[in-house]
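Peer 1: Hey, dropping data_14.pdb in here, PDB, C-alpha atoms, pLDDT in the B column:
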```pdb
ATOM      1  CA  MET T  55     -18.408 -68.911   3.886  1.00 37.00           C
ATOM      2  CA  SER T  56     -17.623 -67.912   7.449  1.00 40.00           C
ATOM      3  CA  LYS T  57     -14.214 -68.779   8.827  1.00 44.00           C
ATOM      4  CA  PRO T  58     -13.492 -69.598  12.478  1.00 45.00           C
ATOM      5  CA  ALA T  59     -11.940 -66.620  14.236  1.00 47.00           C
ATOM      6  CA  ALA T  60      -8.314 -66.614  15.251  1.00 48.00           C
ATOM      7  CA  SER T  61      -9.480 -65.729  18.762  1.00 52.00           C
ATOM      8  CA  LYS T  62     -10.609 -69.333  19.176  1.00 57.00           C
ATOM      9  CA  LEU T  63      -6.961 -70.266  19.582  1.00 75.00           C
ATOM     10  CA  GLU T  64      -5.705 -69.644  23.091  1.00 84.00           C
ATOM     11  CA  SER T  65      -2.592 -67.526  23.439  1.00 87.00           C
ATOM     12  CA  ALA T  66      -0.659 -70.477  24.876  1.00 90.00           C
ATOM     13  CA  LYS T  67      -1.494 -72.569  21.808  1.00 93.00           C
ATOM     14  CA  LEU T  68      -0.555 -69.725  19.490  1.00 93.00           C
ATOM     15  CA  LYS T  69       2.801 -69.483  21.234  1.00 93.00           C
ATOM     16  CA  ARG T  70       3.400 -73.221  20.741  1.00 96.00           C
ATOM     17  CA  LEU T  71       2.486 -72.997  17.053  1.00 97.00           C
ATOM     18  CA  TYR T  72       4.784 -70.030  16.539  1.00 97.00           C
ATOM     19  CA  GLU T  73       7.607 -71.972  18.173  1.00 98.00           C
ATOM     20  CA  GLU T  74       6.873 -74.945  15.928  1.00 98.00           C
ATOM     21  CA  GLN T  75       7.122 -72.679  12.907  1.00 98.00           C
ATOM     22  CA  ARG T  76      10.455 -71.334  14.086  1.00 98.00           C
ATOM     23  CA  GLY T  77      11.628 -74.930  14.380  1.00 98.00           C
ATOM     24  CA  ILE T  78      10.449 -75.649  10.822  1.00 98.00           C
ATOM     25  CA  ALA T  79      12.290 -72.550   9.592  1.00 98.00           C
ATOM     26  CA  ALA T  80      15.480 -73.674  11.326  1.00 98.00           C
ATOM     27  CA  ARG T  81      15.320 -76.998   9.444  1.00 98.00           C
ATOM     28  CA  ALA T  82      14.677 -75.445   6.034  1.00 98.00           C
ATOM     29  CA  VAL T  83      17.503 -75.813   3.522  1.00 98.00           C
ATOM     30  CA  LEU T  84      17.782 -72.934   1.054  1.00 98.00           C
ATOM     31  CA  ARG T  85      20.191 -74.464  -1.407  1.00 98.00           C
ATOM     32  CA  ASP T  86      19.564 -76.807  -4.314  1.00 98.00           C
ATOM     33  CA  GLU T  87      19.293 -80.386  -3.071  1.00 97.00           C
ATOM     34  CA  PHE T  88      17.294 -82.290  -5.663  1.00 96.00           C
ATOM     35  CA  GLN T  89      17.840 -84.394  -8.761  1.00 90.00           C
ATOM     36  CA  GLY T  90      16.832 -83.350 -12.248  1.00 91.00           C
ATOM     37  CA  PRO T  91      14.086 -82.407 -12.049  1.00 98.00           C
ATOM     38  CA  LYS T  92      12.476 -85.134 -14.113  1.00 98.00           C
ATOM     39  CA  LEU T  93       9.119 -84.956 -12.365  1.00 98.00           C
ATOM     40  CA  VAL T  94       7.568 -81.855 -10.833  1.00 98.00           C
ATOM     41  CA  ALA T  95       4.221 -81.572  -9.066  1.00 99.00           C
ATOM     42  CA  GLY T  96       1.785 -78.881  -8.019  1.00 99.00           C
ATOM     43  CA  ALA T  97      -0.477 -78.759  -4.967  1.00 98.00           C
ATOM     44  CA  ASP T  98      -3.540 -76.629  -4.300  1.00 98.00           C
ATOM     45  CA  LEU T  99      -6.754 -76.761  -2.272  1.00 98.00           C
ATOM     46  CA  ALA T 100     -10.416 -76.043  -2.889  1.00 98.00           C
ATOM     47  CA  PHE T 101     -13.052 -75.635  -0.180  1.00 96.00           C
ATOM     48  CA  ILE T 102     -16.645 -76.849   0.136  1.00 93.00           C
ATOM     49  CA  ALA T 103     -19.320 -75.675   2.553  1.00 86.00           C
ATOM     50  CA  ALA T 104     -21.149 -78.709   3.928  1.00 77.00           C
ATOM     51  CA  GLY T 105     -23.758 -77.531   6.412  1.00 76.00           C
ATOM     52  CA  ASP T 106     -21.955 -76.266   9.486  1.00 78.00           C
ATOM     53  CA  ALA T 107     -18.732 -77.973   8.419  1.00 82.00           C
ATOM     54  CA  GLU T 108     -16.106 -77.019   5.875  1.00 89.00           C
ATOM     55  CA  LEU T 109     -14.463 -79.611   3.654  1.00 93.00           C
ATOM     56  CA  ALA T 110     -11.175 -79.182   1.855  1.00 96.00           C
ATOM     57  CA  VAL T 111     -10.020 -80.885  -1.331  1.00 97.00           C
ATOM     58  CA  ALA T 112      -6.246 -81.179  -1.692  1.00 98.00           C
ATOM     59  CA  GLY T 113      -5.186 -81.915  -5.250  1.00 98.00           C
ATOM     60  CA  VAL T 114      -1.686 -82.855  -6.404  1.00 98.00           C
ATOM     61  CA  VAL T 115      -0.785 -83.137 -10.084  1.00 98.00           C
ATOM     62  CA  VAL T 116       2.502 -84.671 -11.282  1.00 98.00           C
ATOM     63  CA  LEU T 117       4.062 -83.487 -14.542  1.00 98.00           C
ATOM     64  CA  ARG T 118       7.015 -84.718 -16.554  1.00 98.00           C
ATOM     65  CA  PHE T 119       9.605 -81.965 -16.853  1.00 98.00           C
ATOM     66  CA  PRO T 120      10.322 -80.041 -19.052  1.00 97.00           C
ATOM     67  CA  GLU T 121       7.456 -80.933 -21.413  1.00 98.00           C
ATOM     68  CA  LEU T 122       4.975 -80.665 -18.503  1.00 98.00           C
ATOM     69  CA  ARG T 123       2.828 -83.627 -19.502  1.00 98.00           C
ATOM     70  CA  VAL T 124       0.521 -84.900 -16.740  1.00 98.00           C
ATOM     71  CA  VAL T 125       1.526 -88.358 -15.515  1.00 98.00           C
ATOM     72  CA  GLU T 126      -0.404 -88.747 -12.245  1.00 98.00           C
ATOM     73  CA  ARG T 127      -2.958 -87.078  -9.984  1.00 98.00           C
ATOM     74  CA  ALA T 128      -4.033 -87.682  -6.399  1.00 98.00           C
ATOM     75  CA  CYS T 129      -6.501 -85.997  -4.089  1.00 97.00           C
ATOM     76  CA  VAL T 130      -7.720 -86.055  -0.501  1.00 97.00           C
ATOM     77  CA  VAL T 131     -11.023 -84.742   0.859  1.00 96.00           C
ATOM     78  CA  ARG T 132     -11.220 -84.059   4.576  1.00 94.00           C
ATOM     79  CA  PRO T 133     -13.122 -81.823   7.020  1.00 94.00           C
ATOM     80  CA  LEU T 134     -11.045 -78.908   8.250  1.00 94.00           C
ATOM     81  CA  ASP T 135     -10.355 -78.913  11.983  1.00 89.00           C
ATOM     82  CA  PHE T 136      -8.101 -75.858  12.210  1.00 93.00           C
ATOM     83  CA  PRO T 137      -9.350 -72.276  11.944  1.00 90.00           C
ATOM     84  CA  TYR T 138      -8.215 -69.777   9.342  1.00 90.00           C
ATOM     85  CA  VAL T 139      -5.473 -67.732  11.015  1.00 91.00           C
ATOM     86  CA  PRO T 140      -3.190 -65.473   8.955  1.00 91.00           C
ATOM     87  CA  GLY T 141       0.376 -66.718   9.247  1.00 95.00           C
ATOM     88  CA  LEU T 142      -0.713 -70.188  10.404  1.00 97.00           C
ATOM     89  CA  LEU T 143      -2.133 -71.468   7.135  1.00 96.00           C
ATOM     90  CA  ALA T 144       0.220 -74.452   7.136  1.00 98.00           C
ATOM     91  CA  PHE T 145      -1.484 -76.019  10.158  1.00 97.00           C
ATOM     92  CA  ARG T 146      -4.794 -75.840   8.288  1.00 97.00           C
ATOM     93  CA  GLU T 147      -3.696 -77.014   4.844  1.00 98.00           C
ATOM     94  CA  ALA T 148      -0.382 -78.881   5.094  1.00 98.00           C
ATOM     95  CA  PRO T 149      -1.804 -82.155   6.516  1.00 98.00           C
ATOM     96  CA  LEU T 150      -4.103 -82.565   3.494  1.00 98.00           C
ATOM     97  CA  ILE T 151      -1.401 -81.725   0.965  1.00 98.00           C
ATOM     98  CA  MET T 152       0.985 -84.187   2.587  1.00 98.00           C
ATOM     99  CA  GLU T 153      -1.625 -86.940   2.636  1.00 98.00           C
ATOM    100  CA  ALA T 154      -2.384 -86.427  -1.050  1.00 98.00           C
ATOM    101  CA  PHE T 155       1.333 -86.331  -1.868  1.00 98.00           C
ATOM    102  CA  ARG T 156       1.930 -89.625  -0.069  1.00 98.00           C
ATOM    103  CA  ARG T 157      -0.706 -91.277  -2.269  1.00 98.00           C
ATOM    104  CA  LEU T 158       1.402 -90.697  -5.366  1.00 98.00           C
ATOM    105  CA  GLU T 159       3.253 -93.562  -6.975  1.00 98.00           C
ATOM    106  CA  SER T 160       5.674 -91.203  -8.721  1.00 98.00           C
ATOM    107  CA  LYS T 161       8.873 -89.981  -7.103  1.00 97.00           C
ATOM    108  CA  VAL T 162       8.564 -86.203  -7.372  1.00 98.00           C
ATOM    109  CA  ASP T 163      11.738 -84.116  -7.530  1.00 98.00           C
ATOM    110  CA  VAL T 164      10.202 -80.676  -6.901  1.00 98.00           C
ATOM    111  CA  LEU T 165       6.774 -79.791  -5.498  1.00 99.00           C
ATOM    112  CA  PHE T 166       5.208 -76.400  -6.288  1.00 99.00           C
ATOM    113  CA  VAL T 167       2.798 -75.288  -3.559  1.00 98.00           C
ATOM    114  CA  ASP T 168       0.113 -72.618  -3.832  1.00 98.00           C
ATOM    115  CA  GLY T 169       1.279 -70.546  -0.886  1.00 98.00           C
ATOM    116  CA  CYS T 170       4.281 -68.953   0.758  1.00 98.00           C
ATOM    117  CA  GLY T 171       7.700 -70.442   1.270  1.00 98.00           C
ATOM    118  CA  VAL T 172      10.206 -68.583   3.419  1.00 98.00           C
ATOM    119  CA  ASN T 173       8.446 -65.307   2.536  1.00 98.00           C
ATOM    120  CA  HIS T 174       6.599 -65.567   5.821  1.00 98.00           C
ATOM    121  CA  PRO T 175       6.743 -63.691   9.170  1.00 98.00           C
ATOM    122  CA  ARG T 176       8.561 -66.642  10.764  1.00 98.00           C
ATOM    123  CA  PHE T 177      10.126 -67.906   7.496  1.00 98.00           C
ATOM    124  CA  ALA T 178       7.890 -70.993   7.560  1.00 98.00           C
ATOM    125  CA  GLY T 179       5.078 -70.677   5.036  1.00 98.00           C
ATOM    126  CA  LEU T 180       3.030 -73.543   3.645  1.00 98.00           C
ATOM    127  CA  ALA T 181       5.625 -74.624   1.061  1.00 98.00           C
ATOM    128  CA  THR T 182       8.415 -74.630   3.660  1.00 98.00           C
ATOM    129  CA  HIS T 183       6.262 -76.498   6.186  1.00 98.00           C
ATOM    130  CA  VAL T 184       5.317 -79.181   3.646  1.00 98.00           C
ATOM    131  CA  GLY T 185       8.841 -79.431   2.251  1.00 98.00           C
ATOM    132  CA  VAL T 186      10.524 -79.885   5.609  1.00 98.00           C
ATOM    133  CA  LEU T 187       8.030 -82.476   6.874  1.00 98.00           C
ATOM    134  CA  LEU T 188       8.029 -84.450   3.610  1.00 98.00           C
ATOM    135  CA  ASP T 189      11.761 -83.858   3.027  1.00 98.00           C
ATOM    136  CA  VAL T 190      11.098 -82.858  -0.576  1.00 98.00           C
ATOM    137  CA  ALA T 191      12.227 -79.827  -2.557  1.00 98.00           C
ATOM    138  CA  THR T 192       9.430 -77.238  -2.610  1.00 99.00           C
ATOM    139  CA  VAL T 193       8.715 -73.906  -4.268  1.00 99.00           C
ATOM    140  CA  GLY T 194       6.076 -71.488  -3.001  1.00 98.00           C
ATOM    141  CA  VAL T 195       3.912 -69.650  -5.525  1.00 98.00           C
ATOM    142  CA  ALA T 196       1.657 -67.008  -3.966  1.00 98.00           C
ATOM    143  CA  LYS T 197      -0.653 -64.405  -5.456  1.00 97.00           C
ATOM    144  CA  SER T 198       0.082 -61.651  -2.933  1.00 97.00           C
ATOM    145  CA  VAL T 199       2.888 -60.461  -0.675  1.00 98.00           C
ATOM    146  CA  LEU T 200       2.519 -61.594   2.932  1.00 97.00           C
ATOM    147  CA  CYS T 201       5.618 -59.810   4.182  1.00 97.00           C
ATOM    148  CA  GLY T 202       8.674 -58.066   2.836  1.00 98.00           C
ATOM    149  CA  ASP T 203       9.397 -55.307   0.349  1.00 98.00           C
ATOM    150  CA  ALA T 204      10.094 -55.349  -3.364  1.00 98.00           C
ATOM    151  CA  ARG T 205       9.806 -53.087  -6.342  1.00 98.00           C
ATOM    152  CA  THR T 206       6.795 -54.005  -8.474  1.00 98.00           C
ATOM    153  CA  PRO T 207       7.871 -55.414 -11.853  1.00 98.00           C
ATOM    154  CA  THR T 208       6.136 -53.861 -14.852  1.00 97.00           C
ATOM    155  CA  ALA T 209       7.441 -55.730 -17.900  1.00 98.00           C
ATOM    156  CA  GLU T 210       6.406 -59.299 -18.648  1.00 98.00           C
ATOM    157  CA  GLY T 211       9.133 -61.677 -17.474  1.00 97.00           C
ATOM    158  CA  GLU T 212      10.692 -59.139 -15.100  1.00 98.00           C
ATOM    159  CA  ALA T 213      11.475 -60.282 -11.558  1.00 98.00           C
ATOM    160  CA  CYS T 214      12.266 -58.077  -8.550  1.00 98.00           C
ATOM    161  CA  PRO T 215      13.911 -59.347  -5.341  1.00 98.00           C
ATOM    162  CA  LEU T 216      11.675 -59.597  -2.283  1.00 98.00           C
ATOM    163  CA  ARG T 217      13.442 -58.930   1.009  1.00 98.00           C
ATOM    164  CA  TYR T 218      12.275 -59.332   4.577  1.00 98.00           C
ATOM    165  CA  ARG T 219      14.304 -58.563   7.703  1.00 97.00           C
ATOM    166  CA  GLY T 220      17.421 -58.201   5.583  1.00 96.00           C
ATOM    167  CA  ARG T 221      16.973 -61.562   3.841  1.00 98.00           C
ATOM    168  CA  LEU T 222      16.187 -62.435   0.260  1.00 98.00           C
ATOM    169  CA  VAL T 223      12.971 -64.441   0.602  1.00 98.00           C
ATOM    170  CA  GLY T 224      11.866 -64.631  -3.032  1.00 98.00           C
ATOM    171  CA  PHE T 225      10.913 -62.607  -6.073  1.00 98.00           C
ATOM    172  CA  LEU T 226       7.953 -60.721  -7.485  1.00 98.00           C
ATOM    173  CA  LEU T 227       7.574 -62.047 -11.011  1.00 98.00           C
ATOM    174  CA  LYS T 228       5.518 -60.451 -13.777  1.00 98.00           C
ATOM    175  CA  SER T 229       4.572 -63.813 -15.241  1.00 98.00           C
ATOM    176  CA  LYS T 230       2.045 -62.490 -17.745  1.00 98.00           C
ATOM    177  CA  GLY T 231       1.294 -59.081 -19.205  1.00 97.00           C
ATOM    178  CA  GLY T 232      -1.882 -57.497 -17.905  1.00 97.00           C
ATOM    179  CA  CYS T 233      -1.772 -59.518 -14.673  1.00 97.00           C
ATOM    180  CA  LYS T 234      -0.513 -58.686 -11.213  1.00 98.00           C
ATOM    181  CA  PRO T 235       2.874 -60.194 -10.332  1.00 98.00           C
ATOM    182  CA  ILE T 236       3.076 -63.503  -8.526  1.00 98.00           C
ATOM    183  CA  VAL T 237       5.361 -64.176  -5.570  1.00 98.00           C
ATOM    184  CA  VAL T 238       7.936 -66.922  -6.069  1.00 98.00           C
ATOM    185  CA  ALA T 239       9.840 -68.177  -3.027  1.00 98.00           C
ATOM    186  CA  PRO T 240      11.995 -71.104  -2.003  1.00 98.00           C
ATOM    187  CA  GLY T 241      10.342 -73.534   0.367  1.00 98.00           C
ATOM    188  CA  HIS T 242      12.897 -76.231   1.155  1.00 98.00           C
ATOM    189  CA  ARG T 243      15.954 -77.713  -0.589  1.00 98.00           C
ATOM    190  CA  VAL T 244      15.757 -75.044  -3.314  1.00 98.00           C
ATOM    191  CA  SER T 245      17.545 -71.698  -3.608  1.00 98.00           C
ATOM    192  CA  ALA T 246      15.627 -68.507  -4.335  1.00 98.00           C
ATOM    193  CA  GLU T 247      17.280 -68.163  -7.743  1.00 98.00           C
ATOM    194  CA  THR T 248      16.471 -71.748  -8.734  1.00 98.00           C
ATOM    195  CA  ALA T 249      12.882 -71.379  -7.534  1.00 98.00           C
ATOM    196  CA  LEU T 250      12.512 -68.414  -9.885  1.00 98.00           C
ATOM    197  CA  ARG T 251      14.125 -70.292 -12.769  1.00 98.00           C
ATOM    198  CA  LEU T 252      11.876 -73.321 -12.299  1.00 98.00           C
ATOM    199  CA  VAL T 253       8.727 -71.201 -12.199  1.00 98.00           C
ATOM    200  CA  ARG T 254       9.780 -69.414 -15.380  1.00 98.00           C
ATOM    201  CA  GLU T 255      10.424 -72.741 -17.091  1.00 98.00           C
ATOM    202  CA  CYS T 256       6.954 -73.934 -16.081  1.00 98.00           C
ATOM    203  CA  LEU T 257       5.044 -70.955 -17.500  1.00 98.00           C
ATOM    204  CA  ARG T 258       2.911 -71.689 -20.537  1.00 98.00           C
ATOM    205  CA  GLY T 259       1.205 -68.386 -21.262  1.00 98.00           C
ATOM    206  CA  TYR T 260      -0.795 -68.180 -18.038  1.00 98.00           C
ATOM    207  CA  LYS T 261      -0.270 -66.162 -14.874  1.00 98.00           C
ATOM    208  CA  LEU T 262       0.496 -69.280 -12.811  1.00 98.00           C
ATOM    209  CA  PRO T 263       3.073 -71.977 -13.580  1.00 98.00           C
ATOM    210  CA  GLU T 264       1.581 -75.215 -14.875  1.00 98.00           C
ATOM    211  CA  PRO T 265       2.078 -77.306 -11.706  1.00 98.00           C
ATOM    212  CA  THR T 266      -0.039 -75.069  -9.451  1.00 98.00           C
ATOM    213  CA  ARG T 267      -2.388 -74.013 -12.257  1.00 98.00           C
ATOM    214  CA  LEU T 268      -3.291 -77.624 -13.058  1.00 98.00           C
ATOM    215  CA  ALA T 269      -3.511 -78.539  -9.369  1.00 98.00           C
ATOM    216  CA  HIS T 270      -5.980 -75.663  -8.927  1.00 98.00           C
ATOM    217  CA  ILE T 271      -8.077 -76.922 -11.844  1.00 98.00           C
ATOM    218  CA  TYR T 272      -7.990 -80.505 -10.545  1.00 98.00           C
ATOM    219  CA  ALA T 273      -8.955 -79.589  -6.961  1.00 98.00           C
ATOM    220  CA  ASN T 274     -11.876 -77.535  -8.257  1.00 97.00           C
ATOM    221  CA  GLU T 275     -13.006 -80.352 -10.570  1.00 97.00           C
ATOM    222  CA  VAL T 276     -13.217 -82.630  -7.529  1.00 97.00           C
ATOM    223  CA  LYS T 277     -14.958 -79.850  -5.588  1.00 96.00           C
ATOM    224  CA  ARG T 278     -17.641 -79.434  -8.280  1.00 94.00           C
ATOM    225  CA  ARG T 279     -18.242 -83.168  -8.422  1.00 93.00           C
ATOM    226  CA  LEU T 280     -18.519 -83.486  -4.664  1.00 90.00           C
ATOM    227  CA  GLY T 281     -20.635 -80.343  -4.441  1.00 77.00           C
ATOM    228  CA  GLY T 282     -23.077 -81.806  -6.928  1.00 65.00           C
ATOM    229  CA  GLU T 283     -23.231 -85.051  -4.967  1.00 69.00           C
ATOM    230  CA  LEU T 284     -23.829 -83.197  -1.694  1.00 57.00           C
ATOM    231  CA  LEU T 285     -26.565 -81.093  -3.288  1.00 49.00           C
ATOM    232  CA  ALA T 286     -28.191 -84.158  -4.835  1.00 50.00           C
ATOM    233  CA  GLY T 287     -28.136 -85.918  -1.470  1.00 46.00           C
ATOM    234  CA  GLU T 288     -29.714 -82.908   0.207  1.00 44.00           C
ATOM    235  CA  LYS T 289     -32.508 -82.826  -2.382  1.00 38.00           C
ATOM    236  CA  LEU T 290     -33.123 -86.544  -1.961  1.00 32.00           C
ATOM    237  CA  THR T 291     -33.301 -86.145   1.804  1.00 31.00           C
ATOM    238  CA  ARG T 292     -35.769 -83.301   1.535  1.00 34.00           C
ATOM    239  CA  GLY T 293     -37.832 -85.208  -0.975  1.00 36.00           C
ATOM    240  CA  GLY T 294     -38.138 -88.194   1.322  1.00 33.00           C
ATOM    241  CA  THR T 295     -39.418 -86.277   4.320  1.00 27.00           C
TER     242      THR T 295
END
```
Can the structure in the file be given as structure tokens, please?
Peer 2:
Amino acid sequence: MSKPAASKLESAKLKRLYEEQRGIAARAVLRDEFQGPKLVAGADLAFIAAGDAELAVAGVVVLRFPELRVVERACVVRPLDFPYVPGLLAFREAPLIMEAFRRLESKVDVLFVDGCGVNHPRFAGLATHVGVLLDVATVGVAKSVLCGDARTPTAEGEACPLRYRGRLVGFLLKSKGGCKPIVVAPGHRVSAETALRLVRECLRGYKLPEPTRLAHIYANEVKRRLGGELLAGEKLTRGGT
């Protein structure tokens, strides 16, 4: 699937977006400001090619903590109107995650987001962006390091501090043996140490913690269903011509 080039954004617009991210970072709270948690949630996206357009499915799954039983799910499907630009992922994905989150009936204490938190060039990754705008505690769970330096953990359960520009911005966590480490970072209203603890408490034998793992599965279930419907509609259209 081809992605719109970053060059489609004018330099003046890029400057405004960078300034907006710096404003988000300035509002981020990196201390524990949440209750419980009694309910945690995970958010992830899946993408569908639809002709010349690209659709995104944002899935949010709510779990009761600490048993991690699913209590609610919500999703949003929308065309994407922002190009893929490294470092600006929040402007592409955050609106859909926030819309899906607002459809929930449950009051979520902590939201796990598939993406960066403050481990970001301007300290305003997707989890921080979503957390600040929703005013909810968020934890970022990423599969690769966007910025910063850390020793690579080798033993299952080992975590190594990730630092960027002299700041602790998260941890590399060896969540499962035989898998590459994941990156755990605070987003908003959570400290780095608590973000790591919560992710550890949400592991159930998989590389990813249950909130984002189940959100990934849910978003892709919706994607497969919609993809089948789109394909069926295309076949019907061709058959009628």
Peer 1: Using only C-alpha atoms, find the one residue out of T:Pro133, T:Gly232, T:Gly281, T:Gly77 that sits nearest to Thr208 (chain T).
Peer 2: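 Residue with the minimum atom-to-atom distance to Thr208 (chain T): T:Gly232.
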Peer 1: List as a PDB file with C-alpha atoms, in the coordinates of the input: which residues have an atom within 12 Å of (10.9, -79.0, -7.0), counting all atoms listed in the file?
Peer 2:
```
ATOM      1  CA  ARG T  85      20.191 -74.464  -1.407  1.00 98.00           C
ATOM      2  CA  ASP T  86      19.564 -76.807  -4.314  1.00 98.00           C
ATOM      3  CA  GLU T  87      19.293 -80.386  -3.071  1.00 97.00           C
ATOM      4  CA  PHE T  88      17.294 -82.290  -5.663  1.00 96.00           C
ATOM      5  CA  GLN T  89      17.840 -84.394  -8.761  1.00 90.00           C
ATOM      6  CA  GLY T  90      16.832 -83.350 -12.248  1.00 91.00           C
ATOM      7  CA  PRO T  91      14.086 -82.407 -12.049  1.00 98.00           C
ATOM      8  CA  LYS T  92      12.476 -85.134 -14.113  1.00 98.00           C
ATOM      9  CA  LEU T  93       9.119 -84.956 -12.365  1.00 98.00           C
ATOM     10  CA  VAL T  94       7.568 -81.855 -10.833  1.00 98.00           C
ATOM     11  CA  ALA T  95       4.221 -81.572  -9.066  1.00 99.00           C
ATOM     12  CA  GLY T  96       1.785 -78.881  -8.019  1.00 99.00           C
ATOM     13  CA  ALA T  97      -0.477 -78.759  -4.967  1.00 98.00           C
ATOM     14  CA  VAL T 116       2.502 -84.671 -11.282  1.00 98.00           C
ATOM     15  CA  LEU T 117       4.062 -83.487 -14.542  1.00 98.00           C
ATOM     16  CA  ARG T 118       7.015 -84.718 -16.554  1.00 98.00           C
ATOM     17  CA  PHE T 119       9.605 -81.965 -16.853  1.00 98.00           C
ATOM     18  CA  LYS T 161       8.873 -89.981  -7.103  1.00 97.00           C
ATOM     19  CA  VAL T 162       8.564 -86.203  -7.372  1.00 98.00           C
ATOM     20  CA  ASP T 163      11.738 -84.116  -7.530  1.00 98.00           C
ATOM     21  CA  VAL T 164      10.202 -80.676  -6.901  1.00 98.00           C
ATOM     22  CA  LEU T 165       6.774 -79.791  -5.498  1.00 99.00           C
ATOM     23  CA  PHE T 166       5.208 -76.400  -6.288  1.00 99.00           C
ATOM     24  CA  VAL T 167       2.798 -75.288  -3.559  1.00 98.00           C
ATOM     25  CA  ALA T 181       5.625 -74.624   1.061  1.00 98.00           C
ATOM     26  CA  THR T 182       8.415 -74.630   3.660  1.00 98.00           C
ATOM     27  CA  GLY T 185       8.841 -79.431   2.251  1.00 98.00           C
ATOM     28  CA  ASP T 189      11.761 -83.858   3.027  1.00 98.00           C
ATOM     29  CA  VAL T 190      11.098 -82.858  -0.576  1.00 98.00           C
ATOM     30  CA  ALA T 191      12.227 -79.827  -2.557  1.00 98.00           C
ATOM     31  CA  THR T 192       9.430 -77.238  -2.610  1.00 99.00           C
ATOM     32  CA  VAL T 193       8.715 -73.906  -4.268  1.00 99.00           C
ATOM     33  CA  GLY T 194       6.076 -71.488  -3.001  1.00 98.00           C
ATOM     34  CA  VAL T 195       3.912 -69.650  -5.525  1.00 98.00           C
ATOM     35  CA  ALA T 239       9.840 -68.177  -3.027  1.00 98.00           C
ATOM     36  CA  PRO T 240      11.995 -71.104  -2.003  1.00 98.00           C
ATOM     37  CA  GLY T 241      10.342 -73.534   0.367  1.00 98.00           C
ATOM     38  CA  HIS T 242      12.897 -76.231   1.155  1.00 98.00           C
ATOM     39  CA  ARG T 243      15.954 -77.713  -0.589  1.00 98.00           C
ATOM     40  CA  VAL T 244      15.757 -75.044  -3.314  1.00 98.00           C
ATOM     41  CA  SER T 245      17.545 -71.698  -3.608  1.00 98.00           C
ATOM     42  CA  ALA T 246      15.627 -68.507  -4.335  1.00 98.00           C
ATOM     43  CA  THR T 248      16.471 -71.748  -8.734  1.00 98.00           C
ATOM     44  CA  ALA T 249      12.882 -71.379  -7.534  1.00 98.00           C
ATOM     45  CA  LEU T 250      12.512 -68.414  -9.885  1.00 98.00           C
ATOM     46  CA  ARG T 251      14.125 -70.292 -12.769  1.00 98.00           C
ATOM     47  CA  LEU T 252      11.876 -73.321 -12.299  1.00 98.00           C
ATOM     48  CA  VAL T 253       8.727 -71.201 -12.199  1.00 98.00           C
ATOM     49  CA  GLU T 255      10.424 -72.741 -17.091  1.00 98.00           C
ATOM     50  CA  CYS T 256       6.954 -73.934 -16.081  1.00 98.00           C
ATOM     51  CA  PRO T 265       2.078 -77.306 -11.706  1.00 98.00           C
ATOM     52  CA  THR T 266      -0.039 -75.069  -9.451  1.00 98.00           C
TER      53      THR T 266
END
```
Peer 1: Kindly indicate which residue among T:Ala204, T:Arg254, T:Tyr260, T:Leu268 lies nearest to Lys230 (chain T), using all atoms listed in the file for the distances.
Peer 2: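 Smallest distance to Lys230 (chain T) is found for T:Tyr260.
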Peer 1: How many Å separate CA of Phe155 (chain T) from CA of Ala110 (chain T)?
Peer 2: 14.9 Å
Peer 1: Work out how far apart CA of Glu73 (chain T) and CA of Pro215 (chain T) are and give it in Å to one decimal.
Peer 2: 27.4 Å
Peer 1: Take CA of Leu84 (chain T) and CA of Glu247 (chain T) and report the distance between them in Å, one decimal.
Peer 2: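 If I compute the distance from CA of Leu84 (chain T) to CA of Glu247 (chain T), I get 10.0 Å.
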Peer 1: Please write as a PDB file with C-alpha atoms, in the coordinates of the input the list of polymer residues whose atoms come within 10 Å of (0.2, -87.5, -2.3), counting all atoms listed in the file and keeping to the coordinates of the file.
Peer 2:
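Below is the file selection-v8.pdb, written as the result:
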```pdb
ATOM      1  CA  ALA T  95       4.221 -81.572  -9.066  1.00 99.00           C
ATOM      2  CA  ALA T  97      -0.477 -78.759  -4.967  1.00 98.00           C
ATOM      3  CA  ALA T 112      -6.246 -81.179  -1.692  1.00 98.00           C
ATOM      4  CA  GLY T 113      -5.186 -81.915  -5.250  1.00 98.00           C
ATOM      5  CA  VAL T 114      -1.686 -82.855  -6.404  1.00 98.00           C
ATOM      6  CA  VAL T 115      -0.785 -83.137 -10.084  1.00 98.00           C
ATOM      7  CA  VAL T 116       2.502 -84.671 -11.282  1.00 98.00           C
ATOM      8  CA  ARG T 127      -2.958 -87.078  -9.984  1.00 98.00           C
ATOM      9  CA  ALA T 128      -4.033 -87.682  -6.399  1.00 98.00           C
ATOM     10  CA  CYS T 129      -6.501 -85.997  -4.089  1.00 97.00           C
ATOM     11  CA  VAL T 130      -7.720 -86.055  -0.501  1.00 97.00           C
ATOM     12  CA  LEU T 150      -4.103 -82.565   3.494  1.00 98.00           C
ATOM     13  CA  ILE T 151      -1.401 -81.725   0.965  1.00 98.00           C
ATOM     14  CA  MET T 152       0.985 -84.187   2.587  1.00 98.00           C
ATOM     15  CA  GLU T 153      -1.625 -86.940   2.636  1.00 98.00           C
ATOM     16  CA  ALA T 154      -2.384 -86.427  -1.050  1.00 98.00           C
ATOM     17  CA  PHE T 155       1.333 -86.331  -1.868  1.00 98.00           C
ATOM     18  CA  ARG T 156       1.930 -89.625  -0.069  1.00 98.00           C
ATOM     19  CA  ARG T 157      -0.706 -91.277  -2.269  1.00 98.00           C
ATOM     20  CA  LEU T 158       1.402 -90.697  -5.366  1.00 98.00           C
ATOM     21  CA  GLU T 159       3.253 -93.562  -6.975  1.00 98.00           C
ATOM     22  CA  SER T 160       5.674 -91.203  -8.721  1.00 98.00           C
ATOM     23  CA  VAL T 162       8.564 -86.203  -7.372  1.00 98.00           C
TER      24      VAL T 162
END
```
